[in-house]
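Asks: Below you'll find work.cif; it's mmCIF, C-alpha atoms and all ligand atoms.
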```
data_final
#
loop_
_atom_site.label_atom_id
_atom_site.label_comp_id
_atom_site.auth_asym_id
_atom_site.auth_seq_id
_atom_site.Cartn_x
_atom_site.Cartn_y
_atom_site.Cartn_z
CA CYS A 1 -11.88 -25.32 18.92
CA THR A 2 -14.98 -24.88 21.12
CA SER A 3 -14.26 -21.82 23.31
CA ARG A 4 -15.16 -18.48 21.82
CA MET A 5 -12.18 -16.48 20.72
CA GLN A 6 -12.28 -12.89 21.98
CA VAL A 7 -11.23 -10.46 19.28
CA THR A 8 -10.60 -6.78 19.99
CA ILE A 9 -10.55 -3.86 17.53
CA LEU A 10 -9.27 -0.51 18.79
CA ARG A 11 -9.36 2.97 17.32
CA GLU A 12 -6.18 3.45 15.31
CA THR A 13 -3.98 6.14 16.86
CA LEU A 14 -1.42 6.93 14.16
CA PRO A 15 -1.85 10.54 12.94
CA GLY A 16 -3.76 10.59 9.65
CA GLU A 17 -4.87 6.97 10.00
CA ALA A 18 -8.55 6.64 9.09
CA ARG A 19 -8.69 2.88 8.48
CA VAL A 20 -10.05 0.28 10.87
CA ALA A 21 -8.89 -3.34 11.10
CA LEU A 22 -12.39 -4.84 10.80
CA VAL A 23 -15.48 -3.28 9.21
CA PRO A 24 -18.98 -4.30 10.42
CA GLU A 25 -19.59 -6.61 7.44
CA PHE A 26 -16.67 -8.77 8.54
CA VAL A 27 -17.61 -8.61 12.22
CA LYS A 28 -20.71 -10.53 11.13
CA LYS A 29 -18.62 -13.10 9.31
CA LEU A 30 -16.34 -13.66 12.32
CA ILE A 31 -19.26 -13.97 14.72
CA ALA A 32 -20.74 -16.63 12.45
CA SER A 33 -17.56 -18.63 13.05
CA LYS A 34 -17.88 -18.52 16.85
CA VAL A 35 -15.77 -15.47 17.58
CA GLU A 36 -16.78 -12.65 19.92
CA VAL A 37 -15.84 -9.22 18.67
CA HIS A 38 -15.20 -6.21 20.93
CA VAL A 39 -14.87 -2.81 19.32
CA GLU A 40 -13.67 0.43 20.84
CA SER A 41 -16.22 3.21 20.51
CA GLY A 42 -15.43 5.35 17.46
CA ALA A 43 -13.10 2.79 15.90
CA GLY A 44 -14.94 2.87 12.58
CA ALA A 45 -15.49 6.64 12.43
CA GLY A 46 -12.88 7.21 9.72
CA THR A 47 -14.64 4.70 7.46
CA PHE A 48 -18.10 6.10 8.27
CA ALA A 49 -19.07 3.00 10.26
CA SER A 50 -20.82 4.06 13.48
CA ASP A 51 -20.87 2.30 16.84
CA ALA A 52 -24.48 1.38 16.02
CA ASP A 53 -23.34 -0.32 12.80
CA TYR A 54 -20.94 -2.45 14.84
CA THR A 55 -23.59 -3.27 17.42
CA ALA A 56 -26.01 -4.25 14.67
CA ALA A 57 -23.33 -6.54 13.23
CA GLY A 58 -23.12 -8.29 16.60
CA ALA A 59 -20.05 -6.68 18.18
CA SER A 60 -19.96 -5.32 21.70
CA VAL A 61 -18.89 -1.68 21.63
CA SER A 62 -17.14 -0.12 24.60
CA SER A 63 -15.12 2.93 25.60
CA ASP A 64 -13.20 1.02 28.26
CA HIS A 65 -9.85 0.90 26.49
CA GLN A 66 -8.06 -1.05 29.21
CA ARG A 67 -10.81 -3.62 29.55
CA LEU A 68 -10.85 -4.15 25.78
CA LEU A 69 -7.14 -4.89 25.87
CA GLU A 70 -7.30 -7.19 28.91
CA ALA A 71 -10.10 -9.25 27.39
CA ALA A 72 -8.42 -9.81 24.03
CA ASP A 73 -7.27 -13.21 22.85
CA VAL A 74 -6.57 -11.54 19.54
CA LEU A 75 -5.97 -7.85 18.86
CA LEU A 76 -6.55 -6.94 15.22
CA ALA A 77 -4.93 -3.68 14.18
CA VAL A 78 -4.00 -1.82 11.03
CA ASN A 79 -0.81 -0.33 12.50
CA ARG A 80 1.30 -1.64 15.38
CA PRO A 81 -0.46 -0.53 18.59
CA PRO A 82 1.53 1.70 20.97
CA ALA A 83 3.79 -0.07 23.48
CA HIS A 84 1.60 0.95 26.45
CA ASP A 85 -1.35 -0.81 24.83
CA LEU A 86 0.63 -3.95 24.08
CA ALA A 87 1.72 -4.01 27.73
CA GLN A 88 -1.94 -4.42 28.81
CA LEU A 89 -2.49 -7.59 26.80
CA LYS A 90 -2.52 -10.93 28.58
CA LYS A 91 0.26 -13.44 28.11
CA GLY A 92 -0.41 -15.60 25.06
CA ALA A 93 -2.51 -12.98 23.30
CA VAL A 94 -2.11 -12.64 19.55
CA VAL A 95 -1.48 -9.35 17.73
CA VAL A 96 -2.11 -9.09 13.98
CA GLY A 97 -1.46 -6.05 11.79
CA PHE A 98 1.16 -4.09 9.86
CA LEU A 99 3.79 -4.36 12.63
CA LYS A 100 6.87 -3.14 10.69
CA PRO A 101 9.09 -5.99 11.87
CA LEU A 102 11.82 -5.23 9.32
CA ASP A 103 11.75 -1.42 9.54
CA GLU A 104 11.50 -1.19 13.33
CA PRO A 105 12.63 -4.51 14.81
CA ALA A 106 13.38 -3.00 18.23
CA ALA A 107 9.69 -2.15 18.66
CA MET A 108 8.85 -5.86 18.33
CA GLU A 109 11.04 -6.91 21.27
CA PRO A 110 8.65 -5.96 24.10
CA MET A 111 6.01 -8.21 22.48
CA VAL A 112 8.34 -11.16 22.57
CA GLY A 113 9.29 -10.36 26.17
CA ALA A 114 5.62 -10.19 27.21
CA GLY A 115 4.84 -13.60 25.72
CA LEU A 116 2.64 -12.26 22.94
CA THR A 117 2.35 -13.88 19.53
CA ALA A 118 2.71 -11.36 16.74
CA PHE A 119 1.82 -11.77 13.07
CA ALA A 120 3.07 -9.03 10.76
CA MET A 121 0.80 -8.81 7.74
CA GLU A 122 3.67 -7.51 5.62
CA LEU A 123 5.41 -10.88 5.95
CA MET A 124 2.51 -12.88 4.52
CA PRO A 125 3.91 -15.16 1.82
CA ARG A 126 2.89 -14.13 -1.72
CA THR A 127 1.65 -17.62 -2.58
CA THR A 128 -1.57 -18.52 -4.33
CA ARG A 129 -2.92 -20.03 -1.10
CA ALA A 130 -2.28 -16.84 0.84
CA GLN A 131 -3.78 -14.48 -1.74
CA ALA A 132 -6.90 -13.73 0.31
CA MET A 133 -4.64 -12.69 3.22
CA ASP A 134 -2.29 -10.51 1.18
CA ALA A 135 -2.83 -7.13 2.81
CA LEU A 136 0.20 -5.56 1.11
CA SER A 137 -1.41 -6.20 -2.28
CA SER A 138 -4.73 -4.78 -1.03
CA MET A 139 -3.12 -1.56 0.12
CA ALA A 140 -0.91 -1.30 -2.98
CA THR A 141 -4.02 -1.57 -5.15
CA ILE A 142 -5.63 1.35 -3.34
CA ALA A 143 -2.42 3.42 -3.36
CA GLY A 144 -1.84 2.90 -7.09
CA TYR A 145 -5.35 4.10 -7.86
CA LYS A 146 -5.21 7.11 -5.55
CA ALA A 147 -1.75 8.16 -6.81
CA VAL A 148 -3.21 8.79 -10.26
CA LEU A 149 -6.15 10.77 -8.87
CA LEU A 150 -3.73 12.93 -6.85
CA ALA A 151 -1.57 13.47 -9.92
CA GLY A 152 -4.70 14.53 -11.81
CA GLU A 153 -5.51 17.01 -9.06
CA LEU A 154 -2.02 18.55 -9.12
CA LEU A 155 -1.75 18.56 -12.92
CA PRO A 156 -2.70 21.77 -14.77
CA ARG A 157 -4.02 19.63 -17.65
CA ILE A 158 -6.73 17.03 -18.13
CA PHE A 159 -6.09 13.35 -18.81
CA PRO A 160 -8.27 12.43 -21.80
CA MET A 161 -8.07 13.55 -25.39
CA LEU A 162 -10.97 15.88 -26.15
CA ILE A 163 -12.23 16.98 -29.51
CA THR A 164 -14.39 20.05 -28.96
CA ALA A 165 -15.65 23.03 -30.91
CA ALA A 166 -12.92 25.03 -29.15
CA GLY A 167 -10.21 22.72 -30.42
CA THR A 168 -8.54 19.42 -29.73
CA VAL A 169 -6.92 18.64 -26.39
CA ALA A 170 -4.07 16.10 -26.46
CA PRO A 171 -4.21 13.28 -23.90
CA ALA A 172 -1.85 13.39 -20.90
CA LYS A 173 1.24 11.20 -21.07
CA VAL A 174 1.70 9.09 -17.95
CA LEU A 175 4.86 7.14 -17.14
CA VAL A 176 4.65 4.45 -14.43
CA LEU A 177 7.92 3.19 -12.93
CA GLY A 178 7.62 -0.23 -11.30
CA ALA A 179 4.72 -2.35 -12.55
CA GLY A 180 3.92 -4.49 -9.51
CA VAL A 181 0.56 -4.38 -7.78
CA ALA A 182 0.49 -0.59 -7.24
CA GLY A 183 2.01 0.19 -10.63
CA LEU A 184 -0.48 -1.97 -12.53
CA GLN A 185 -3.39 -0.31 -10.72
CA ALA A 186 -1.91 3.12 -11.53
CA ILE A 187 -1.66 2.11 -15.20
CA ALA A 188 -5.25 0.86 -15.27
CA THR A 189 -6.54 4.02 -13.57
CA ALA A 190 -4.61 6.35 -15.89
CA LYS A 191 -5.88 4.41 -18.92
CA ARG A 192 -9.48 4.69 -17.69
CA LEU A 193 -9.02 8.45 -17.40
CA GLY A 194 -7.88 8.53 -21.02
CA ALA A 195 -4.12 9.02 -20.65
CA VAL A 196 -1.48 7.53 -22.92
CA VAL A 197 0.54 5.29 -20.61
CA GLU A 198 4.08 3.90 -20.64
CA ALA A 199 5.61 1.73 -17.93
CA TYR A 200 8.96 0.32 -16.91
CA ASP A 201 9.88 -2.60 -14.66
CA VAL A 202 12.90 -4.86 -14.36
CA ARG A 203 10.83 -8.06 -14.28
CA ALA A 204 10.03 -9.50 -17.68
CA ALA A 205 6.68 -10.87 -16.40
CA ALA A 206 5.57 -7.31 -15.69
CA GLY A 207 5.94 -6.54 -19.41
CA GLU A 208 3.09 -8.87 -20.36
CA GLN A 209 0.82 -7.42 -17.68
CA VAL A 210 1.59 -3.85 -18.74
CA LYS A 211 0.78 -4.65 -22.36
CA SER A 212 -2.44 -6.41 -21.43
CA LEU A 213 -3.61 -3.13 -19.85
CA GLY A 214 -3.05 -1.33 -23.13
CA ALA A 215 0.11 0.51 -22.04
CA THR A 216 3.53 0.52 -23.69
CA PHE A 217 6.28 -1.40 -21.91
CA LEU A 218 9.71 0.20 -22.02
CA GLU A 219 12.43 -2.34 -22.58
CA VAL A 220 15.97 -1.82 -21.33
CA ASP A 221 18.92 -4.08 -22.08
CA LEU A 222 20.21 -4.85 -18.57
CA GLY A 223 22.96 -7.10 -19.88
CA GLY A 224 21.11 -10.36 -19.29
CA ILE A 225 21.38 -10.27 -15.46
CA ALA A 226 18.82 -12.03 -13.25
CA THR A 227 16.27 -9.41 -12.18
CA GLU A 228 13.87 -11.64 -10.28
CA ASP A 229 14.23 -13.88 -7.21
CA ALA A 230 12.62 -17.29 -6.75
CA GLY A 231 9.54 -15.67 -5.16
CA GLY A 232 8.88 -13.50 -8.21
CA TYR A 233 10.10 -10.28 -6.58
CA ALA A 234 12.65 -7.91 -8.09
CA ARG A 235 16.26 -8.32 -6.95
CA GLU A 236 18.47 -5.43 -5.99
CA LEU A 237 20.21 -4.55 -9.27
CA THR A 238 23.87 -3.80 -9.93
CA PRO A 239 24.76 -0.08 -10.09
CA GLU A 240 25.37 -0.49 -13.84
CA ALA A 241 21.93 -2.03 -14.48
CA LEU A 242 20.24 0.62 -12.33
CA LYS A 243 21.97 3.33 -14.33
CA ARG A 244 20.79 1.87 -17.62
CA GLY A 245 17.21 1.99 -16.35
CA ARG A 246 17.67 5.57 -15.10
CA ASP A 247 19.09 6.72 -18.44
CA LEU A 248 16.06 5.43 -20.33
CA ILE A 249 13.67 6.89 -17.75
CA ALA A 250 15.37 10.31 -17.93
CA LYS A 251 14.87 10.28 -21.70
CA GLN A 252 11.16 9.31 -21.49
CA ALA A 253 10.53 11.68 -18.58
CA ARG A 254 11.13 14.74 -20.75
CA ASN A 255 7.86 14.06 -22.57
CA ALA A 256 5.80 12.89 -19.58
CA ASP A 257 3.05 14.96 -17.95
CA VAL A 258 2.75 12.58 -14.98
CA ILE A 259 5.17 10.08 -13.48
CA VAL A 260 4.04 7.61 -10.82
CA THR A 261 6.90 5.67 -9.22
CA THR A 262 6.30 2.45 -7.28
CA ALA A 263 9.62 0.58 -7.55
CA ALA A 264 10.56 -1.44 -4.48
CA VAL A 265 12.76 -4.36 -3.50
CA PRO A 266 11.50 -6.21 -0.37
CA GLY A 267 13.63 -5.48 2.70
CA LYS A 268 15.88 -3.01 0.83
CA PRO A 269 15.86 0.74 0.31
CA ALA A 270 13.85 1.79 -2.75
CA PRO A 271 15.95 1.96 -5.93
CA LEU A 272 16.73 5.46 -7.20
CA MET A 273 14.83 5.80 -10.48
CA MET A 274 15.19 9.55 -11.11
CA ASP A 275 18.07 11.78 -10.02
CA ASP A 276 17.88 15.59 -9.75
CA GLN A 277 18.91 16.07 -13.36
CA ALA A 278 16.16 13.83 -14.71
CA VAL A 279 13.53 15.84 -12.81
CA LEU A 280 15.04 19.19 -13.75
CA ALA A 281 14.81 18.21 -17.44
CA MET A 282 11.05 17.57 -17.25
CA LYS A 283 8.38 19.91 -18.63
CA ARG A 284 7.08 22.77 -16.49
CA GLY A 285 3.78 21.79 -14.86
CA SER A 286 4.47 18.08 -14.90
CA VAL A 287 3.78 16.04 -11.78
CA ILE A 288 5.54 13.18 -10.01
CA VAL A 289 3.89 11.01 -7.35
CA ASP A 290 6.54 8.92 -5.58
CA LEU A 291 4.92 5.95 -3.84
CA ALA A 292 8.22 4.62 -2.50
CA ALA A 293 8.64 7.40 0.08
CA SER A 294 8.36 5.05 3.07
CA THR A 295 11.50 3.17 1.96
CA GLY A 296 13.52 6.20 0.86
CA GLY A 297 11.80 7.20 -2.39
CA ASN A 298 12.44 6.54 -6.08
CA VAL A 299 13.08 10.22 -6.83
CA SER A 300 16.05 12.08 -5.32
CA LEU A 301 14.08 15.33 -4.97
CA SER A 302 11.01 13.85 -3.25
CA ARG A 303 10.37 14.56 0.43
CA PRO A 304 8.17 12.23 2.54
CA ASP A 305 4.60 13.49 2.83
CA GLU A 306 5.42 16.83 1.23
CA VAL A 307 4.28 18.47 -1.97
CA ALA A 308 7.34 20.23 -3.40
CA THR A 309 7.72 22.30 -6.55
CA THR A 310 11.14 22.29 -8.19
CA ALA A 311 12.90 25.30 -9.73
CA ASN A 312 11.69 24.17 -13.17
CA GLY A 313 8.04 23.92 -12.09
CA VAL A 314 7.69 20.19 -11.53
CA THR A 315 5.40 19.24 -8.63
CA ILE A 316 6.55 16.23 -6.61
CA PHE A 317 4.42 14.53 -3.99
CA ALA A 318 5.67 11.58 -1.94
CA PRO A 319 2.76 10.42 0.27
CA LEU A 320 3.58 7.96 3.06
CA ASN A 321 0.21 6.37 3.69
CA LEU A 322 -2.05 6.76 0.67
CA ALA A 323 -4.19 3.75 1.54
CA ALA A 324 -5.40 5.63 4.63
CA THR A 325 -6.82 8.33 2.37
CA VAL A 326 -9.30 5.81 0.92
CA PRO A 327 -10.36 4.46 4.31
CA TYR A 328 -13.63 2.82 3.31
CA HIS A 329 -12.35 0.43 0.69
CA ALA A 330 -8.88 0.09 2.21
CA SER A 331 -10.54 -1.11 5.45
CA GLN A 332 -12.91 -3.39 3.59
CA LEU A 333 -10.08 -5.15 1.76
CA PHE A 334 -7.95 -5.25 4.92
CA SER A 335 -10.88 -6.78 6.84
CA ARG A 336 -11.16 -9.55 4.27
CA ASN A 337 -7.41 -10.22 4.61
CA MET A 338 -7.66 -10.28 8.42
CA THR A 339 -10.72 -12.51 8.45
CA SER A 340 -9.16 -15.03 6.07
CA PHE A 341 -6.07 -15.16 8.25
CA LEU A 342 -7.97 -15.49 11.50
CA GLN A 343 -10.10 -18.31 10.13
CA LEU A 344 -6.93 -20.12 9.14
CA LEU A 345 -5.44 -19.59 12.63
CA ARG A 346 -8.46 -21.26 14.22
CA LYS A 347 -8.28 -24.40 12.12
P1 LIG B 1 7.08 -4.45 -4.82
O1 LIG B 1 6.20 -3.46 -4.15
O2 LIG B 1 8.14 -5.12 -4.04
O3 LIG B 1 7.78 -3.70 -6.06
C1 LIG B 1 7.06 -2.94 -6.99
C2 LIG B 1 7.63 -3.12 -8.38
O4 LIG B 1 8.89 -2.47 -8.49
C3 LIG B 1 7.86 -4.57 -8.76
O5 LIG B 1 7.12 -4.88 -9.92
C4 LIG B 1 9.36 -4.64 -9.00
O6 LIG B 1 9.70 -5.55 -10.03
C5 LIG B 1 9.67 -3.22 -9.39
N1 LIG B 1 11.08 -2.84 -9.29
C6 LIG B 1 11.98 -3.12 -8.31
N2 LIG B 1 13.18 -2.58 -8.60
C7 LIG B 1 13.04 -1.93 -9.78
C8 LIG B 1 13.93 -1.16 -10.60
N3 LIG B 1 15.20 -0.95 -10.27
N4 LIG B 1 13.45 -0.67 -11.75
C9 LIG B 1 12.16 -0.87 -12.12
N5 LIG B 1 11.28 -1.57 -11.39
C10 LIG B 1 11.71 -2.08 -10.23
O7 LIG B 1 6.27 -5.55 -5.58
P2 LIG B 1 4.74 -5.96 -5.45
O8 LIG B 1 3.94 -4.98 -6.22
O9 LIG B 1 4.39 -6.17 -4.03
O10 LIG B 1 4.70 -7.36 -6.21
C11 LIG B 1 5.66 -7.74 -7.11
C12 LIG B 1 5.40 -9.12 -7.66
O11 LIG B 1 4.81 -10.02 -6.76
C13 LIG B 1 4.47 -9.09 -8.83
O12 LIG B 1 4.96 -10.02 -9.76
C14 LIG B 1 3.18 -9.58 -8.32
O13 LIG B 1 2.38 -10.14 -9.33
C15 LIG B 1 3.67 -10.61 -7.37
N6 LIG B 1 2.64 -10.90 -6.43
C16 LIG B 1 2.16 -12.18 -6.35
C17 LIG B 1 1.14 -12.48 -5.48
C18 LIG B 1 0.58 -13.85 -5.37
O14 LIG B 1 0.86 -14.69 -6.18
N7 LIG B 1 -0.21 -14.09 -4.39
C19 LIG B 1 0.61 -11.50 -4.66
C20 LIG B 1 1.13 -10.21 -4.76
C21 LIG B 1 2.15 -9.94 -5.64
#
```
What's the structure tokens form of this structure?
Ligand code: NAD

Replies:
Amino acid sequence: CTSRMQVTILRETLPGEARVALVPEFVKKLIASKVEVHVESGAGAGTFASDADYTAAGASVSSDHQRLLEAADVLLAVNRPPAHDLAQLKKGAVVVGFLKPLDEPAAMEPMVGAGLTAFAMELMPRTTRAQAMDALSSMATIAGYKAVLLAGELLPRIFPMLITAAGTVAPAKVLVLGAGVAGLQAIATAKRLGAVVEAYDVRAAAGEQVKSLGATFLEVDLGGIATEDAGGYARELTPEALKRGRDLIAKQARNADVIVTTAAVPGKPAPLMMDDQAVLAMKRGSVIVDLAASTGGNVSLSRPDEVATTANGVTIFAPLNLAATVPYHASQLFSRNMTSFLQLLRK
């Protein structure tokens, strides 16, 4: 490929979105591989990258939104750009980002109609070869970490055990439900802060990973059913198996100070891990962070993007876009994923 590919990065427009699709460090890397990068003025503001940082990295920075769109061979975005932006792209242009093809398929149709090529980062295969392009894992890593910090902020206790002249403070008990990428990061973060951590997952492989982080893995007899698909993801369980998991969780939850839930099944609503009763039996002052809010939540009493306190004094927070609250590193990891993908596209 000899002609220079024109890549455009716009300011993200979703409310609360502070990430950018490409940070200056990766602009440099793309330019080194014969790509021209055009950045909308202010695009990096949420990550504390200035227009000058982009210029220094070799990008051309402009405020001419329409021109940026018209010039693009490739539009790199975190979230799916608004329809009126997509309509400005030339035929044959490529759009890459979290496009929500399964959640909002109708919004993808205009792209097809306009002759655009769209790559949804959430559909990247979870193979070894595609690991460097796995943006879902990148964002889940950030979200799992931040979920524990938020829980710590909402919790009226501290995490570590302390032995002081004023007495001994017992460590916080943290229960993590779903030990995939986000769950494992939540476990590691809670351990680093000194909590005693337990975790539950339906996949047997998760058990080994949980134990290797120094946490206790809760085992449930699910009657020997297959819990994993060929790709290593959890399957949707039978109502009976789900109930067995919920019964064990309800029992453990009574002693927990913090619960972080991350359970998900690709393309399906999130499994219900805690019903009202399980939450209402928890200790006063305990905290739940439900990371499955965008697919319906793991906790019946959680409300998307709201902090709620139940009648028995349990605080529940179900953030929708936690990765955006750590914009610097979320954007850095996302940029690496984008760059790896783009370099593959050019081969
Ligand atoms: P995910 O977000 O789809 O689900 C999160 C976790 O919830 C998973 O561990 C799942 O087993 C669990 N879960 C689902 N239903 C449950 C239920 N009813 N009760 C308890 N737990 C439940 O998953 P993810 O974090 O994106 O990744 C899951 C798997 O994919 C992991 O094994 C991970 O190692 C693997 N993975 C592999 C690669 C790779 O090889 N490149 C990359 C990323 C992830």

Asks: Rank nothing, just name the residue among A:Pro239, A:Gly178, A:Gly296, A:Pro81 nearest to ligand LIG 1 (chain B), using all atoms listed in the file.

Replies: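 Closest to ligand LIG 1 (chain B) of all the choices is A:Gly178.
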
Asks: List all protein, DNA and RNA residues that have at least one atom no more than 7 Å from any atom of ligand LIG 1 (chain B), counting all atoms listed in the file, and write them as an MDAnalysis selection string.

Replies: chainID A and resid 126:128 130:131 134 136:137 140 177:183 200:203 205:206 232:237 242 245 262:266 271 273

Asks: Enclose segment 111-130 of chain A, meaning all of its atoms listed in the file, in a box aligned along x, y and z, pad it by 5 Å on each side, and list the centre and edge lengths in Å to one decimal, as JSON.

Replies:
```
{"center_x": 3.2, "center_y": -13.8, "center_z": 11.4, "size_x": 22.2, "size_y": 22.5, "size_z": 41.5}
```

Asks: Which of these residues is nearest to Thr261 of chain A, using only C-alpha atoms: A:Ala83, A:Ile187, A:Leu213, A:Met133?

Replies: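 Checking each candidate against Thr261 of chain A, we get A:Ile187 as the closest.
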
Asks: What's the 10 Å shell around Ile225 of chain A, counting only C-alpha atoms, without same-chain residues fewer than 4 positions away, as a PyMOL selection string?

Replies: chain A and resi 221+237-238+241

Asks: Excluding same-chain residues fewer than 6 positions from Val258 of chain A, what lies within 12 Å of it counting all atoms listed in the file, as JSON, numbers by chain?

Replies: {"A": [147, 148, 149, 150, 151, 152, 153, 154, 155, 156, 157, 158, 159, 171, 172, 173, 174, 175, 176, 177, 186, 187, 190, 195, 196, 197, 198, 199, 252, 279, 282, 283, 284, 285, 286, 287, 288, 289, 290, 314, 315, 316, 317]}

Asks: Excluding Gln277 of chain A and its own-chain neighbours fewer than 5 positions away, which residues fall within 10 Å of it when counting all atoms listed in the file? Please give them as a VMD selection string.

Replies: chain A and resid 250 282 300 to 301

Asks: What does the structure give for the distance between atom CA of Ser335 of chain A and atom CA of Leu22 of chain A, in Å to one decimal?

Replies: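 Between these atoms lies a distance of 4.7 Å.
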
Asks: Kindly provide the residues of segment 56-95 of chain A that approach segment 114-125 of chain A to within 10 Å, each paired with its closest atom pair and their distance in Å to one decimal, based on all atoms listed in the file, listed by chain and increasing number, as JSON lines.

Replies:
```
{"residue": "A:Asp73", "atom": "CA", "partner": "A:Leu116", "partner_atom": "CA", "distance": 10.0}
{"residue": "A:Val74", "atom": "CA", "partner": "A:Thr117", "partner_atom": "CA", "distance": 9.2}
{"residue": "A:Leu75", "atom": "CA", "partner": "A:Ala118", "partner_atom": "CA", "distance": 9.6}
{"residue": "A:Leu76", "atom": "CA", "partner": "A:Phe119", "partner_atom": "CA", "distance": 9.9}
{"residue": "A:Val78", "atom": "CA", "partner": "A:Met121", "partner_atom": "CA", "distance": 9.1}
{"residue": "A:Asn79", "atom": "CA", "partner": "A:Ala120", "partner_atom": "CA", "distance": 9.7}
{"residue": "A:Arg80", "atom": "CA", "partner": "A:Ala120", "partner_atom": "CA", "distance": 8.9}
{"residue": "A:Leu86", "atom": "CA", "partner": "A:Ala114", "partner_atom": "CA", "distance": 8.6}
{"residue": "A:Ala87", "atom": "CA", "partner": "A:Ala114", "partner_atom": "CA", "distance": 7.3}
{"residue": "A:Gln88", "atom": "CA", "partner": "A:Ala114", "partner_atom": "CA", "distance": 9.6}
{"residue": "A:Leu89", "atom": "CA", "partner": "A:Leu116", "partner_atom": "CA", "distance": 7.9}
{"residue": "A:Lys90", "atom": "CA", "partner": "A:Leu116", "partner_atom": "CA", "distance": 7.8}
{"residue": "A:Lys91", "atom": "CA", "partner": "A:Gly115", "partner_atom": "CA", "distance": 5.2}
{"residue": "A:Gly92", "atom": "CA", "partner": "A:Leu116", "partner_atom": "CA", "distance": 5.0}
{"residue": "A:Ala93", "atom": "CA", "partner": "A:Leu116", "partner_atom": "CA", "distance": 5.2}
{"residue": "A:Val94", "atom": "CA", "partner": "A:Thr117", "partner_atom": "CA", "distance": 4.6}
{"residue": "A:Val95", "atom": "CA", "partner": "A:Ala118", "partner_atom": "CA", "distance": 4.8}
```

Asks: So what do you get for atom CA of Val61 of chain A versus atom CA of Val7 of chain A, distance-wise?

Replies: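 Straight-line distance from atom CA of Val61 of chain A to atom CA of Val7 of chain A works out to 11.9 Å.
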
Asks: When you draw a straight line from atom CA of Thr47 of chain A to atom CA of Leu320 of chain A, how long is it in Å?

Replies: 19.0 Å

Asks: Using only C-alpha atoms, which of A:Ala226, A:Leu10, A:Val20, A:Ala253 sits nearest Gln66 of chain A?

Replies: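 The shortest atom-to-atom distance to Gln66 of chain A comes from A:Leu10.
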
Asks: My list of candidates is A:Ala43, A:Ala135, A:Ala32, A:Leu218. Which is closest to Glu17 of chain A when distances are computed with only C-alpha atoms?

Replies: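 Of A:Ala43, A:Ala135, A:Ala32, A:Leu218, the one nearest Glu17 of chain A, counting only C-alpha atoms, is A:Ala43.
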
Asks: Which of these residues is nearest to Gln6 of chain A, using all atoms listed in the file: A:Ala72, A:Ala215, A:Val39, A:Ala52?

Replies: A:Ala72

Asks: Restricting the calculation to all atoms listed in the file, which member of A:Asp305, A:Asp53, A:Glu104, A:Glu219 is positioned closest to Gly267 of chain A?

Replies: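 Smallest distance to Gly267 of chain A is found for A:Glu104.
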
Asks: If you count all atoms listed in the file, which residues fall within 9 Å of Lys29 of chain A, apart from same-chain ones fewer than 4 positions away, as a list of chain:residue names?

Replies: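 My reading of the contact set: A:Pro24, A:Glu25, A:Ser33, A:Ala57, A:Thr339.
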